[in-house]
Amino acid sequence: MIVTLTPNPSLDRTIELSGPLARGEVQRAVAAHGEPGGKGVNICRALEASGISSLAILPGDADDPVLLALTSHGIPHLGLPIGKPLRSNIAITEPDGTTTKLNEPGPELSPDQQNALIDLVLEQSVGASWLVLAGSVPPGVPDDFYARIIRELRERLGSAAPKVAVDSSGGPLVKAALAHPDLLKPNGEELAELSGLCDGDTLEANPALVVDAARVLIAGGVGAVLATLGAKGAVLVTAEGSWLATTPPMIAVSTVGAGDSALAGYLLQSNLGASAPDRLRQAAAHGAAAASLPGSTVPALHQTNPSAVTVTDLAPESVPRPVLSTHPKEDDQ
């Protein structure tokens, strides 16, 4: 069982355009899709589609459209009633795969509701293999929310606690990294911010810099780093080694949920006891498959092609390390 927490879930609507987005103009969509969303929700959707048992935990009343959609999709979930409607997000996709997202802030959670949500997560984590803390936090929730869950989970369950993966951004990601999760899944920009080595574009252009940045986090107590780099592939770094996964060139249909699907592929293979390179291979295959599907559709295992993924061992002596000519990006949080 893999448990996910999505503290700021949403109803995700994706609108497909026939041409480039024309700012300030009237355009007609060629298609539209609606799905229950939020990182943890997307991960559970991908896991369930691939036959892996999961449970999505989220705030929300039973009659909220997000929870009703989860029920109609057959996704196991538990909602914490909060008496407020959940947010709606809009993603606009262009024919070349460029995606513009408009995300609402979400309903505010009171301190009592935050405590109740944490208690629900800890109760449901008993016997789980992984707990995934995913996405942004809603208004009223402090940046150390995920870090607090990690600490309380390990205090309560001790050696029986599941492994913890974190996929977030900004302050919640920074604070969670200090709580020593077993896995972080940043993108290039987030990894650059966490490590302070360089800016995101510079980092994504060279796998060696990704490895260096991830090793900063691992030296600080993070178990492993799965960095998703869009069309440039993904890099996995652990204390034992580092690897780069690349896929054949493709035209993305929609990048919505691709990173979430990549993490689902990694967790799927982790549950099967696969090696680090094979976990990375499936992560890249899941991410590529998600990018080839419309809207926020997530792939099932049979829709992925891990045999098309090339995994390269990034041994330290085989990876050139260029001299950095840029300065670390200032924290703009």
# chains A, B, ... in the order shown; residues from 1 in each chain; ligands from 1
call {"tool": "select_by_dssp", "arguments": {"residues": "stretch 56-183 of chain A", "states": "strand (DSSP E)", "output": "MDAnalysis selection string"}}
result
chainID A and resid 56:59 77:80 87:93 99:103 130:134 163:167 183
call {"tool": "residues_around", "arguments": {"residues": "stretch 136-145 of chain A", "least_positions_apart": "5", "cutoff": "7 Å", "atoms": "only C-alpha atoms", "output": "PyMOL selection string"}}
result
chain A and resi 7-8+105-110+168-169+171-172+175-176
call {"tool": "write_last_selection", "arguments": {"atoms": "N, CA and C atoms", "output": "PDB file, in the first residue's frame"}}
result
ATOM      1  N   PRO A   7      -2.583  18.013   0.469  1.00  0.00           N
ATOM      2  CA  PRO A   7      -3.281  18.985   1.307  1.00  0.00           C
ATOM      3  C   PRO A   7      -3.987  20.093   0.544  1.00  0.00           C
ATOM      4  N   ASN A   8      -3.676  20.239  -0.755  1.00  0.00           N
ATOM      5  CA  ASN A   8      -4.285  21.299  -1.555  1.00  0.00           C
ATOM      6  C   ASN A   8      -4.789  20.733  -2.879  1.00  0.00           C
ATOM      7  N   PRO A 105      -5.701  29.393  -5.128  1.00  0.00           N
ATOM      8  CA  PRO A 105      -4.965  29.170  -3.877  1.00  0.00           C
ATOM      9  C   PRO A 105      -5.503  28.037  -3.017  1.00  0.00           C
ATOM     10  N   GLY A 106      -6.768  27.714  -3.105  1.00  0.00           N
ATOM     11  CA  GLY A 106      -7.327  26.664  -2.265  1.00  0.00           C
ATOM     12  C   GLY A 106      -7.891  27.214  -0.966  1.00  0.00           C
ATOM     13  N   PRO A 107      -8.749  26.436  -0.284  1.00  0.00           N
ATOM     14  CA  PRO A 107      -9.363  26.897   0.963  1.00  0.00           C
ATOM     15  C   PRO A 107      -8.364  26.887   2.116  1.00  0.00           C
ATOM     16  N   GLU A 108      -8.528  27.800   3.045  1.00  0.00           N
ATOM     17  CA  GLU A 108      -7.648  27.866   4.211  1.00  0.00           C
ATOM     18  C   GLU A 108      -7.978  26.739   5.177  1.00  0.00           C
ATOM     19  N   LEU A 109      -6.935  26.137   5.761  1.00  0.00           N
ATOM     20  CA  LEU A 109      -7.112  25.101   6.776  1.00  0.00           C
ATOM     21  C   LEU A 109      -6.743  25.668   8.136  1.00  0.00           C
ATOM     22  N   SER A 110      -7.644  25.525   9.095  1.00  0.00           N
ATOM     23  CA  SER A 110      -7.387  26.009  10.445  1.00  0.00           C
ATOM     24  C   SER A 110      -6.367  25.109  11.132  1.00  0.00           C
ATOM     25  N   SER A 168       7.220  18.674  -3.706  1.00  0.00           N
ATOM     26  CA  SER A 168       6.608  19.974  -3.447  1.00  0.00           C
ATOM     27  C   SER A 168       7.525  21.042  -4.017  1.00  0.00           C
ATOM     28  N   SER A 169       7.381  22.269  -3.531  1.00  0.00           N
ATOM     29  CA  SER A 169       8.211  23.372  -4.014  1.00  0.00           C
ATOM     30  C   SER A 169       8.285  24.453  -2.947  1.00  0.00           C
ATOM     31  N   GLY A 171       9.037  26.936   0.114  1.00  0.00           N
ATOM     32  CA  GLY A 171       9.302  26.726   1.531  1.00  0.00           C
ATOM     33  C   GLY A 171       8.982  25.333   2.034  1.00  0.00           C
ATOM     34  N   PRO A 172       7.817  24.733   1.681  1.00  0.00           N
ATOM     35  CA  PRO A 172       7.515  23.377   2.155  1.00  0.00           C
ATOM     36  C   PRO A 172       8.549  22.347   1.723  1.00  0.00           C
ATOM     37  N   LYS A 175      11.870  22.999   3.836  1.00  0.00           N
ATOM     38  CA  LYS A 175      11.726  22.518   5.212  1.00  0.00           C
ATOM     39  C   LYS A 175      11.680  20.992   5.256  1.00  0.00           C
ATOM     40  N   ALA A 176      10.994  20.377   4.292  1.00  0.00           N
ATOM     41  CA  ALA A 176      10.897  18.914   4.269  1.00  0.00           C
ATOM     42  C   ALA A 176      12.257  18.277   4.058  1.00  0.00           C
TER      43      ALA A 176
END
call {"tool": "select_by_dssp", "arguments": {"residues": "stretch 106-161 of chain A", "states": "helix (DSSP H, G or I)", "output": "ChimeraX atom specification"}}
result
/A:111-124,145-160
call {"tool": "write_last_selection", "arguments": {"atoms": "N, CA, C and O atoms", "output": "CSV table (one decimal), in the first residue's frame"}}
result
chain,number,residue,atom,x,y,z
A,111,PRO,N,-5.8,25.6,12.2
A,111,PRO,CA,-4.8,24.7,13.0
A,111,PRO,C,-5.5,23.4,13.4
A,111,PRO,O,-4.8,22.3,13.4
A,112,ASP,N,-6.7,23.4,13.8
A,112,ASP,CA,-7.4,22.2,14.2
A,112,ASP,C,-7.6,21.2,13.0
A,112,ASP,O,-7.4,20.0,13.1
A,113,GLN,N,-7.9,21.8,11.9
A,113,GLN,CA,-8.0,20.9,10.7
A,113,GLN,C,-6.7,20.4,10.2
A,113,GLN,O,-6.6,19.2,9.8
A,114,GLN,N,-5.6,21.2,10.4
A,114,GLN,CA,-4.3,20.7,10.1
A,114,GLN,C,-3.9,19.5,11.0
A,114,GLN,O,-3.4,18.5,10.5
A,115,ASN,N,-4.2,19.6,12.3
A,115,ASN,CA,-3.9,18.6,13.2
A,115,ASN,C,-4.7,17.3,12.9
A,115,ASN,O,-4.2,16.2,13.0
A,116,ALA,N,-6.0,17.5,12.5
A,116,ALA,CA,-6.8,16.3,12.2
A,116,ALA,C,-6.3,15.7,10.9
A,116,ALA,O,-6.3,14.4,10.8
A,117,LEU,N,-5.8,16.4,10.0
A,117,LEU,CA,-5.3,15.9,8.7
A,117,LEU,C,-4.0,15.1,9.0
A,117,LEU,O,-3.9,14.0,8.5
A,118,ILE,N,-3.2,15.6,9.9
A,118,ILE,CA,-2.0,14.9,10.2
A,118,ILE,C,-2.3,13.6,11.0
A,118,ILE,O,-1.7,12.5,10.7
A,119,ASP,N,-3.3,13.6,11.9
A,119,ASP,CA,-3.7,12.4,12.6
A,119,ASP,C,-4.2,11.3,11.6
A,119,ASP,O,-3.9,10.1,11.8
A,120,LEU,N,-5.0,11.8,10.6
A,120,LEU,CA,-5.5,10.9,9.7
A,120,LEU,C,-4.4,10.2,8.9
A,120,LEU,O,-4.4,9.0,8.6
A,121,VAL,N,-3.4,11.0,8.5
A,121,VAL,CA,-2.3,10.5,7.7
A,121,VAL,C,-1.5,9.4,8.6
A,121,VAL,O,-1.1,8.4,8.1
A,122,LEU,N,-1.2,9.8,9.8
A,122,LEU,CA,-0.4,8.8,10.7
A,122,LEU,C,-1.2,7.5,10.9
A,122,LEU,O,-0.6,6.5,10.9
A,123,GLU,N,-2.5,7.6,11.1
A,123,GLU,CA,-3.3,6.4,11.3
A,123,GLU,C,-3.3,5.5,10.0
A,123,GLU,O,-3.1,4.3,10.2
A,124,GLN,N,-3.4,6.1,8.9
A,124,GLN,CA,-3.5,5.3,7.6
A,124,GLN,C,-2.1,4.9,7.1
A,124,GLN,O,-2.0,4.0,6.2
A,145,PHE,N,4.9,22.1,7.4
A,145,PHE,CA,3.9,21.1,7.6
A,145,PHE,C,4.3,19.7,7.2
A,145,PHE,O,4.1,18.8,8.0
A,146,TYR,N,5.0,19.6,6.1
A,146,TYR,CA,5.5,18.3,5.7
A,146,TYR,C,6.6,17.8,6.6
A,146,TYR,O,6.7,16.6,7.0
A,147,ALA,N,7.5,18.7,7.0
A,147,ALA,CA,8.6,18.3,7.9
A,147,ALA,C,8.0,17.8,9.3
A,147,ALA,O,8.5,16.9,9.9
A,148,ARG,N,6.9,18.5,9.7
A,148,ARG,CA,6.3,18.0,11.0
A,148,ARG,C,5.7,16.6,10.8
A,148,ARG,O,5.8,15.8,11.7
A,149,ILE,N,5.1,16.4,9.7
A,149,ILE,CA,4.5,15.0,9.5
A,149,ILE,C,5.6,14.0,9.5
A,149,ILE,O,5.5,12.9,10.1
A,150,ILE,N,6.7,14.3,8.8
A,150,ILE,CA,7.8,13.3,8.8
A,150,ILE,C,8.3,13.0,10.2
A,150,ILE,O,8.5,11.8,10.6
A,151,ARG,N,8.5,14.0,11.0
A,151,ARG,CA,9.0,13.9,12.4
A,151,ARG,C,8.0,13.1,13.2
A,151,ARG,O,8.4,12.1,13.9
A,152,GLU,N,6.7,13.4,13.1
A,152,GLU,CA,5.7,12.8,14.0
A,152,GLU,C,5.5,11.3,13.5
A,152,GLU,O,5.2,10.5,14.3
A,153,LEU,N,5.6,11.1,12.2
A,153,LEU,CA,5.4,9.7,11.7
A,153,LEU,C,6.5,8.8,12.3
A,153,LEU,O,6.2,7.7,12.7
A,154,ARG,N,7.7,9.3,12.3
A,154,ARG,CA,8.8,8.5,12.8
A,154,ARG,C,8.8,8.3,14.3
A,154,ARG,O,9.2,7.3,14.8
A,155,GLU,N,8.3,9.4,15.0
A,155,GLU,CA,8.2,9.3,16.4
A,155,GLU,C,7.2,8.3,16.8
A,155,GLU,O,7.3,7.5,17.8
A,156,ARG,N,6.0,8.3,16.1
A,156,ARG,CA,4.9,7.4,16.5
A,156,ARG,C,5.2,5.9,16.0
A,156,ARG,O,4.9,5.0,16.8
A,157,LEU,N,5.7,5.7,14.8
A,157,LEU,CA,5.8,4.4,14.3
A,157,LEU,C,7.2,3.8,14.3
A,157,LEU,O,7.4,2.6,14.2
A,158,GLY,N,8.2,4.6,14.6
A,158,GLY,CA,9.6,4.1,14.7
A,158,GLY,C,10.0,3.4,13.5
A,158,GLY,O,9.8,3.8,12.4
A,159,SER,N,10.6,2.2,13.7
A,159,SER,CA,11.2,1.4,12.6
A,159,SER,C,10.1,0.9,11.7
A,159,SER,O,10.4,0.5,10.6
A,160,ALA,N,8.8,0.9,12.1
A,160,ALA,CA,7.7,0.5,11.3
A,160,ALA,C,7.1,1.6,10.4
A,160,ALA,O,6.2,1.3,9.6
call {"tool": "atom_distance", "arguments": {"atom1": "atom CA of A:Gly51", "atom2": "atom CA of A:Val126"}}
result
20.5 Å
call {"tool": "residues_around", "arguments": {"residues": "A:Asp63", "least_positions_apart": "2", "cutoff": "12 Å", "atoms": "only C-alpha atoms", "output": "JSON, numbers by chain"}}
result
{"A": [59, 60, 61, 65, 66, 67, 68, 69, 70, 71, 79, 80, 81, 82, 83, 84, 85, 86]}
call {"tool": "write_last_selection", "arguments": {"atoms": "all heavy atoms", "output": "tab-separated table (two decimals), in the first residue's frame"}}
result
chain	number	residue	atom	x	y	z
A	59	PRO	N	-8.03	16.91	2.21
A	59	PRO	CA	-9.16	17.61	2.82
A	59	PRO	C	-10.28	17.71	1.81
A	59	PRO	O	-10.04	17.75	0.60
A	59	PRO	CB	-8.57	18.98	3.16
A	59	PRO	CG	-7.49	19.18	2.15
A	59	PRO	CD	-6.92	17.82	1.86
A	60	GLY	N	-11.51	17.78	2.30
A	60	GLY	CA	-12.63	17.92	1.38
A	60	GLY	C	-13.86	17.19	1.87
A	60	GLY	O	-13.77	16.09	2.44
A	61	ASP	N	-15.02	17.78	1.65
A	61	ASP	CA	-16.28	17.17	2.04
A	61	ASP	C	-16.67	16.06	1.06
A	61	ASP	O	-16.26	16.07	-0.11
A	61	ASP	CB	-17.38	18.23	2.08
A	61	ASP	CG	-17.08	19.33	3.08
A	61	ASP	OD1	-16.23	19.11	3.98
A	61	ASP	OD2	-17.68	20.43	2.96
A	65	PRO	N	-16.93	18.22	-5.52
A	65	PRO	CA	-16.69	17.66	-6.86
A	65	PRO	C	-15.39	16.86	-6.98
A	65	PRO	O	-15.34	15.88	-7.74
A	65	PRO	CB	-16.67	18.89	-7.76
A	65	PRO	CG	-17.55	19.88	-7.05
A	65	PRO	CD	-17.30	19.65	-5.59
A	66	VAL	N	-14.34	17.24	-6.25
A	66	VAL	CA	-13.08	16.50	-6.33
A	66	VAL	C	-13.25	15.09	-5.77
A	66	VAL	O	-12.83	14.10	-6.38
A	66	VAL	CB	-11.95	17.24	-5.58
A	66	VAL	CG1	-10.68	16.40	-5.56
A	66	VAL	CG2	-11.68	18.59	-6.22
A	67	LEU	N	-13.88	14.98	-4.59
A	67	LEU	CA	-14.07	13.66	-3.98
A	67	LEU	C	-15.08	12.83	-4.76
A	67	LEU	O	-14.94	11.61	-4.88
A	67	LEU	CB	-14.48	13.80	-2.51
A	67	LEU	CG	-13.29	14.00	-1.56
A	67	LEU	CD1	-12.77	15.43	-1.61
A	67	LEU	CD2	-13.63	13.61	-0.14
A	68	LEU	N	-16.10	13.49	-5.30
A	68	LEU	CA	-17.06	12.75	-6.13
A	68	LEU	C	-16.38	12.20	-7.37
A	68	LEU	O	-16.67	11.06	-7.80
A	68	LEU	CB	-18.22	13.67	-6.53
A	68	LEU	CG	-19.16	14.10	-5.41
A	68	LEU	CD1	-20.19	15.09	-5.93
A	68	LEU	CD2	-19.85	12.89	-4.79
A	69	ALA	N	-15.45	12.97	-7.94
A	69	ALA	CA	-14.72	12.49	-9.11
A	69	ALA	C	-13.81	11.32	-8.75
A	69	ALA	O	-13.68	10.37	-9.54
A	69	ALA	CB	-13.89	13.63	-9.71
A	70	LEU	N	-13.18	11.37	-7.58
A	70	LEU	CA	-12.35	10.25	-7.16
A	70	LEU	C	-13.20	8.99	-7.00
A	70	LEU	O	-12.78	7.89	-7.39
A	70	LEU	CB	-11.66	10.58	-5.83
A	70	LEU	CG	-10.48	11.56	-5.91
A	70	LEU	CD1	-10.04	11.98	-4.52
A	70	LEU	CD2	-9.31	10.94	-6.67
A	71	THR	N	-14.38	9.15	-6.45
A	71	THR	CA	-15.29	8.01	-6.30
A	71	THR	C	-15.67	7.44	-7.66
A	71	THR	O	-15.65	6.22	-7.87
A	71	THR	CB	-16.54	8.43	-5.52
A	71	THR	OG1	-16.18	8.89	-4.22
A	71	THR	CG2	-17.51	7.26	-5.38
A	79	GLY	N	-11.34	11.58	2.81
A	79	GLY	CA	-11.39	13.03	2.86
A	79	GLY	C	-11.67	13.51	4.27
A	79	GLY	O	-12.45	12.90	5.00
A	80	LEU	N	-11.02	14.59	4.65
A	80	LEU	CA	-11.29	15.24	5.93
A	80	LEU	C	-12.27	16.38	5.68
A	80	LEU	O	-11.92	17.36	5.01
A	80	LEU	CB	-10.00	15.78	6.54
A	80	LEU	CG	-10.17	16.57	7.85
A	80	LEU	CD1	-10.47	15.61	9.00
A	80	LEU	CD2	-8.95	17.41	8.15
A	81	PRO	N	-13.51	16.30	6.20
A	81	PRO	CA	-14.48	17.38	5.96
A	81	PRO	C	-13.97	18.72	6.50
A	81	PRO	O	-13.47	18.81	7.62
A	81	PRO	CB	-15.71	16.91	6.74
A	81	PRO	CG	-15.57	15.42	6.85
A	81	PRO	CD	-14.09	15.18	6.97
A	82	ILE	N	-14.09	19.76	5.67
A	82	ILE	CA	-13.63	21.09	6.08
A	82	ILE	C	-14.71	22.16	5.90
A	82	ILE	O	-14.52	23.30	6.29
A	82	ILE	CB	-12.37	21.51	5.30
A	82	ILE	CG1	-12.63	21.50	3.79
A	82	ILE	CG2	-11.19	20.61	5.65
A	82	ILE	CD1	-11.49	22.05	2.96
A	83	GLY	N	-15.84	21.78	5.30
A	83	GLY	CA	-16.94	22.72	5.16
A	83	GLY	C	-16.70	23.82	4.14
A	83	GLY	O	-17.39	24.84	4.15
A	84	LYS	N	-15.73	23.63	3.25
A	84	LYS	CA	-15.41	24.64	2.23
A	84	LYS	C	-15.16	23.93	0.90
A	84	LYS	O	-14.65	22.80	0.89
A	84	LYS	CB	-14.16	25.43	2.61
A	84	LYS	CG	-14.23	26.13	3.96
A	84	LYS	CD	-12.87	26.74	4.29
A	84	LYS	CE	-12.87	27.34	5.69
A	84	LYS	NZ	-11.53	27.87	6.06
A	85	PRO	N	-15.49	24.56	-0.21
A	85	PRO	CA	-15.23	23.94	-1.52
A	85	PRO	C	-13.74	23.93	-1.83
A	85	PRO	O	-13.01	24.86	-1.48
A	85	PRO	CB	-15.99	24.83	-2.50
A	85	PRO	CG	-16.07	26.16	-1.82
A	85	PRO	CD	-16.19	25.86	-0.35
A	86	LEU	N	-13.28	22.87	-2.48
A	86	LEU	CA	-11.90	22.78	-2.93
A	86	LEU	C	-11.71	23.63	-4.19
A	86	LEU	O	-12.68	24.03	-4.84
A	86	LEU	CB	-11.52	21.33	-3.19
A	86	LEU	CG	-11.56	20.41	-1.96
A	86	LEU	CD1	-11.32	18.97	-2.35
A	86	LEU	CD2	-10.53	20.87	-0.91
call {"tool": "closest_atom_pairs", "arguments": {"of": "stretch 176-199 of chain A", "to": "stretch 207-216 of chain A", "cutoff": "7 Å", "atoms": "only C-alpha atoms", "output": "tab-separated table"}}
result
residue	atom	partner	partner_atom	distance
A:Leu191	CA	A:Ala213	CA	6.8
A:Ala192	CA	A:Ala213	CA	6.9
A:Ser195	CA	A:Ala213	CA	5.3
A:Leu197	CA	A:Ala213	CA	6.4
call {"tool": "write_last_selection", "arguments": {"atoms": "C-alpha atoms", "output": "compact mmCIF listing (two decimals), in the first residue's frame"}}
result
# COMPACT_ATOMS: atom_id res chain seq x y z
CA LEU A 191 16.77 21.33 -7.22
CA ALA A 192 18.77 24.45 -8.06
CA SER A 195 21.23 23.21 -3.49
CA LEU A 197 24.72 25.70 -6.83
call {"tool": "residues_around", "arguments": {"residues": "A:Thr304", "least_positions_apart": "6", "cutoff": "8 Å", "atoms": "only C-alpha atoms", "output": "list of chain:residue names"}}
result
A:Ala285, A:His286, A:Ala288, A:Ala289
call {"tool": "residues_around", "arguments": {"residues": "A:His180", "least_positions_apart": "2", "cutoff": "8 Å", "atoms": "only C-alpha atoms", "output": "PyMOL selection string"}}
result
chain A and resi 176-178+182+220-223
call {"tool": "residues_around", "arguments": {"residues": "A:Asp201", "least_positions_apart": "3", "cutoff": "8 Å", "atoms": "only C-alpha atoms", "output": "JSON list (two decimals) with N, CA, C and O atoms, in the first residue's frame"}}
result
[["chain", "number", "residue", "atom", "x", "y", "z"],
["A", 188, "GLY", "N", 14.18, 20.66, -12.17],
["A", 188, "GLY", "CA", 15.47, 21.33, -12.23],
["A", 188, "GLY", "C", 15.51, 22.63, -11.44],
["A", 188, "GLY", "O", 16.48, 22.90, -10.71],
["A", 189, "GLU", "N", 14.48, 23.45, -11.57],
["A", 189, "GLU", "CA", 14.45, 24.73, -10.87],
["A", 189, "GLU", "C", 14.42, 24.53, -9.36],
["A", 189, "GLU", "O", 15.11, 25.22, -8.60],
["A", 204, "GLU", "N", 19.84, 22.17, -15.52],
["A", 204, "GLU", "CA", 19.19, 21.22, -16.42],
["A", 204, "GLU", "C", 20.03, 20.92, -17.66],
["A", 204, "GLU", "O", 19.88, 19.86, -18.28],
["A", 205, "ALA", "N", 20.91, 21.83, -18.03],
["A", 205, "ALA", "CA", 21.71, 21.65, -19.24],
["A", 205, "ALA", "C", 22.85, 20.67, -19.07],
["A", 205, "ALA", "O", 23.45, 20.25, -20.06]]
call {"tool": "closest_residue", "arguments": {"among": "A:Thr99, A:Thr228, A:Ser54, A:Asn89", "to": "A:His77", "atoms": "only C-alpha atoms"}}
result
A:Ser54
call {"tool": "residues_around", "arguments": {"residues": "A:Ala258", "least_positions_apart": "4", "cutoff": "10 Å", "atoms": "only C-alpha atoms", "output": "number ranges by chain"}}
result
A: 42-43, 228, 230, 254, 262-264, 283-284, 286-293, 296-299
call {"tool": "write_last_selection", "arguments": {"atoms": "N, CA, C and O atoms", "output": "short mmCIF file (atom, residue, chain, number, x, y, z; two decimals), in the first residue's frame"}}
result
data_model
loop_
_atom_site.label_atom_id
_atom_site.label_comp_id
_atom_site.auth_asym_id
_atom_site.auth_seq_id
_atom_site.Cartn_x
_atom_site.Cartn_y
_atom_site.Cartn_z
N ASN A 42 -2.91 12.54 -8.35
CA ASN A 42 -2.42 12.04 -9.64
C ASN A 42 -1.57 10.79 -9.47
O ASN A 42 -1.65 9.86 -10.28
N ILE A 43 -0.74 10.77 -8.44
CA ILE A 43 0.10 9.59 -8.18
C ILE A 43 -0.77 8.38 -7.90
O ILE A 43 -0.53 7.28 -8.44
N THR A 228 13.43 15.28 -12.09
CA THR A 228 12.79 15.19 -13.40
C THR A 228 13.12 16.46 -14.17
O THR A 228 12.93 17.57 -13.68
N GLY A 230 12.12 17.22 -17.56
CA GLY A 230 11.32 17.40 -18.76
C GLY A 230 11.87 16.60 -19.92
O GLY A 230 12.19 15.41 -19.79
N SER A 254 0.63 16.97 -23.62
CA SER A 254 0.37 17.75 -22.41
C SER A 254 1.36 17.32 -21.34
O SER A 254 1.54 16.12 -21.11
N ALA A 262 5.88 10.20 -13.23
CA ALA A 262 7.25 9.70 -13.08
C ALA A 262 7.48 9.18 -11.67
O ALA A 262 8.08 8.12 -11.48
N LEU A 263 7.02 9.91 -10.68
CA LEU A 263 7.17 9.45 -9.30
C LEU A 263 6.39 8.17 -9.07
O LEU A 263 6.85 7.26 -8.38
N ALA A 264 5.20 8.07 -9.66
CA ALA A 264 4.41 6.84 -9.54
C ALA A 264 5.16 5.65 -10.12
O ALA A 264 5.17 4.56 -9.55
N ALA A 283 10.38 5.30 -14.03
CA ALA A 283 9.98 6.69 -13.79
C ALA A 283 9.99 7.48 -15.10
O ALA A 283 9.04 8.20 -15.42
N ALA A 284 11.07 7.33 -15.86
CA ALA A 284 11.17 8.04 -17.14
C ALA A 284 10.11 7.56 -18.12
O ALA A 284 9.52 8.35 -18.87
N HIS A 286 7.14 6.28 -17.39
CA HIS A 286 5.85 6.80 -16.96
C HIS A 286 5.71 8.28 -17.30
O HIS A 286 4.65 8.72 -17.75
N GLY A 287 6.76 9.05 -17.06
CA GLY A 287 6.70 10.47 -17.36
C GLY A 287 6.49 10.73 -18.85
O GLY A 287 5.69 11.59 -19.24
N ALA A 288 7.22 10.00 -19.69
CA ALA A 288 7.07 10.17 -21.14
C ALA A 288 5.68 9.76 -21.60
O ALA A 288 5.08 10.43 -22.46
N ALA A 289 5.17 8.68 -21.04
CA ALA A 289 3.82 8.23 -21.43
C ALA A 289 2.78 9.27 -21.04
O ALA A 289 1.84 9.54 -21.81
N ALA A 290 2.92 9.87 -19.86
CA ALA A 290 1.97 10.90 -19.43
C ALA A 290 2.00 12.10 -20.36
O ALA A 290 0.95 12.68 -20.69
N ALA A 291 3.19 12.49 -20.81
CA ALA A 291 3.32 13.64 -21.71
C ALA A 291 2.70 13.38 -23.07
O ALA A 291 2.36 14.33 -23.80
N SER A 292 2.54 12.12 -23.42
CA SER A 292 1.96 11.77 -24.73
C SER A 292 0.44 11.68 -24.69
O SER A 292 -0.20 11.50 -25.73
N LEU A 293 -0.15 11.83 -23.49
CA LEU A 293 -1.60 11.70 -23.33
C LEU A 293 -2.23 13.07 -23.13
O LEU A 293 -1.60 13.99 -22.63
N SER A 296 -4.80 15.89 -18.19
CA SER A 296 -4.10 15.37 -17.02
C SER A 296 -4.25 13.86 -16.92
O SER A 296 -4.17 13.28 -15.83
N THR A 297 -4.45 13.20 -18.07
CA THR A 297 -4.57 11.75 -18.11
C THR A 297 -3.26 11.11 -17.65
O THR A 297 -2.18 11.54 -18.05
N VAL A 298 -3.36 10.10 -16.79
CA VAL A 298 -2.16 9.40 -16.32
C VAL A 298 -2.10 8.02 -16.98
O VAL A 298 -3.13 7.41 -17.26
N PRO A 299 -0.89 7.50 -17.24
CA PRO A 299 -0.78 6.22 -17.94
C PRO A 299 -0.87 5.03 -17.00
O PRO A 299 -0.49 5.10 -15.82
#
call {"tool": "atom_distance", "arguments": {"atom1": "atom CA of A:Leu301", "atom2": "atom CA of A:Gly257"}}
result
15.2 Å
call {"tool": "closest_residue", "arguments": {"among": "A:Ser72, A:Thr255, A:Ser18, A:Thr93", "to": "A:Pro36", "atoms": "only C-alpha atoms"}}
result
A:Ser72
call {"tool": "closest_residue", "arguments": {"among": "A:Ala300, A:Cys198, A:Val311, A:Ile15", "to": "A:Ala234", "atoms": "only C-alpha atoms"}}
result
A:Val311
call {"tool": "atom_distance", "arguments": {"atom1": "atom CA of A:Glu94", "atom2": "atom CA of A:Val253"}}
result
8.0 Å
call {"tool": "decode", "arguments": {"residues": "stretch 219-243 of chain A", "atoms": "C-alpha atoms", "output": "PDB file, in the first residue's frame"}}
result
ATOM      1  CA  ALA A 219      25.046  14.832   2.343  1.00  0.00           C
ATOM      2  CA  GLY A 220      22.452  16.693   4.410  1.00  0.00           C
ATOM      3  CA  GLY A 221      20.438  13.553   5.139  1.00  0.00           C
ATOM      4  CA  VAL A 222      18.066  13.048   2.194  1.00  0.00           C
ATOM      5  CA  GLY A 223      17.928   9.386   1.174  1.00  0.00           C
ATOM      6  CA  ALA A 224      17.688   9.803  -2.606  1.00  0.00           C
ATOM      7  CA  VAL A 225      16.887  12.448  -5.198  1.00  0.00           C
ATOM      8  CA  LEU A 226      14.829  11.816  -8.332  1.00  0.00           C
ATOM      9  CA  ALA A 227      15.203  14.943 -10.471  1.00  0.00           C
ATOM     10  CA  THR A 228      12.794  15.192 -13.398  1.00  0.00           C
ATOM     11  CA  LEU A 229      14.133  17.395 -16.196  1.00  0.00           C
ATOM     12  CA  GLY A 230      11.321  17.403 -18.760  1.00  0.00           C
ATOM     13  CA  ALA A 231      12.504  16.566 -22.274  1.00  0.00           C
ATOM     14  CA  LYS A 232      16.065  16.182 -20.970  1.00  0.00           C
ATOM     15  CA  GLY A 233      15.097  13.070 -18.992  1.00  0.00           C
ATOM     16  CA  ALA A 234      15.546  12.316 -15.311  1.00  0.00           C
ATOM     17  CA  VAL A 235      18.445  11.758 -12.934  1.00  0.00           C
ATOM     18  CA  LEU A 236      18.448   9.531  -9.860  1.00  0.00           C
ATOM     19  CA  VAL A 237      21.094  10.047  -7.197  1.00  0.00           C
ATOM     20  CA  THR A 238      21.553   7.872  -4.109  1.00  0.00           C
ATOM     21  CA  ALA A 239      24.411   7.320  -1.687  1.00  0.00           C
ATOM     22  CA  GLU A 240      25.432   4.341  -3.858  1.00  0.00           C
ATOM     23  CA  GLY A 241      25.451   5.970  -7.288  1.00  0.00           C
ATOM     24  CA  SER A 242      23.835   8.202  -9.892  1.00  0.00           C
ATOM     25  CA  TRP A 243      22.105   7.528 -13.210  1.00  0.00           C
TER      26      TRP A 243
END
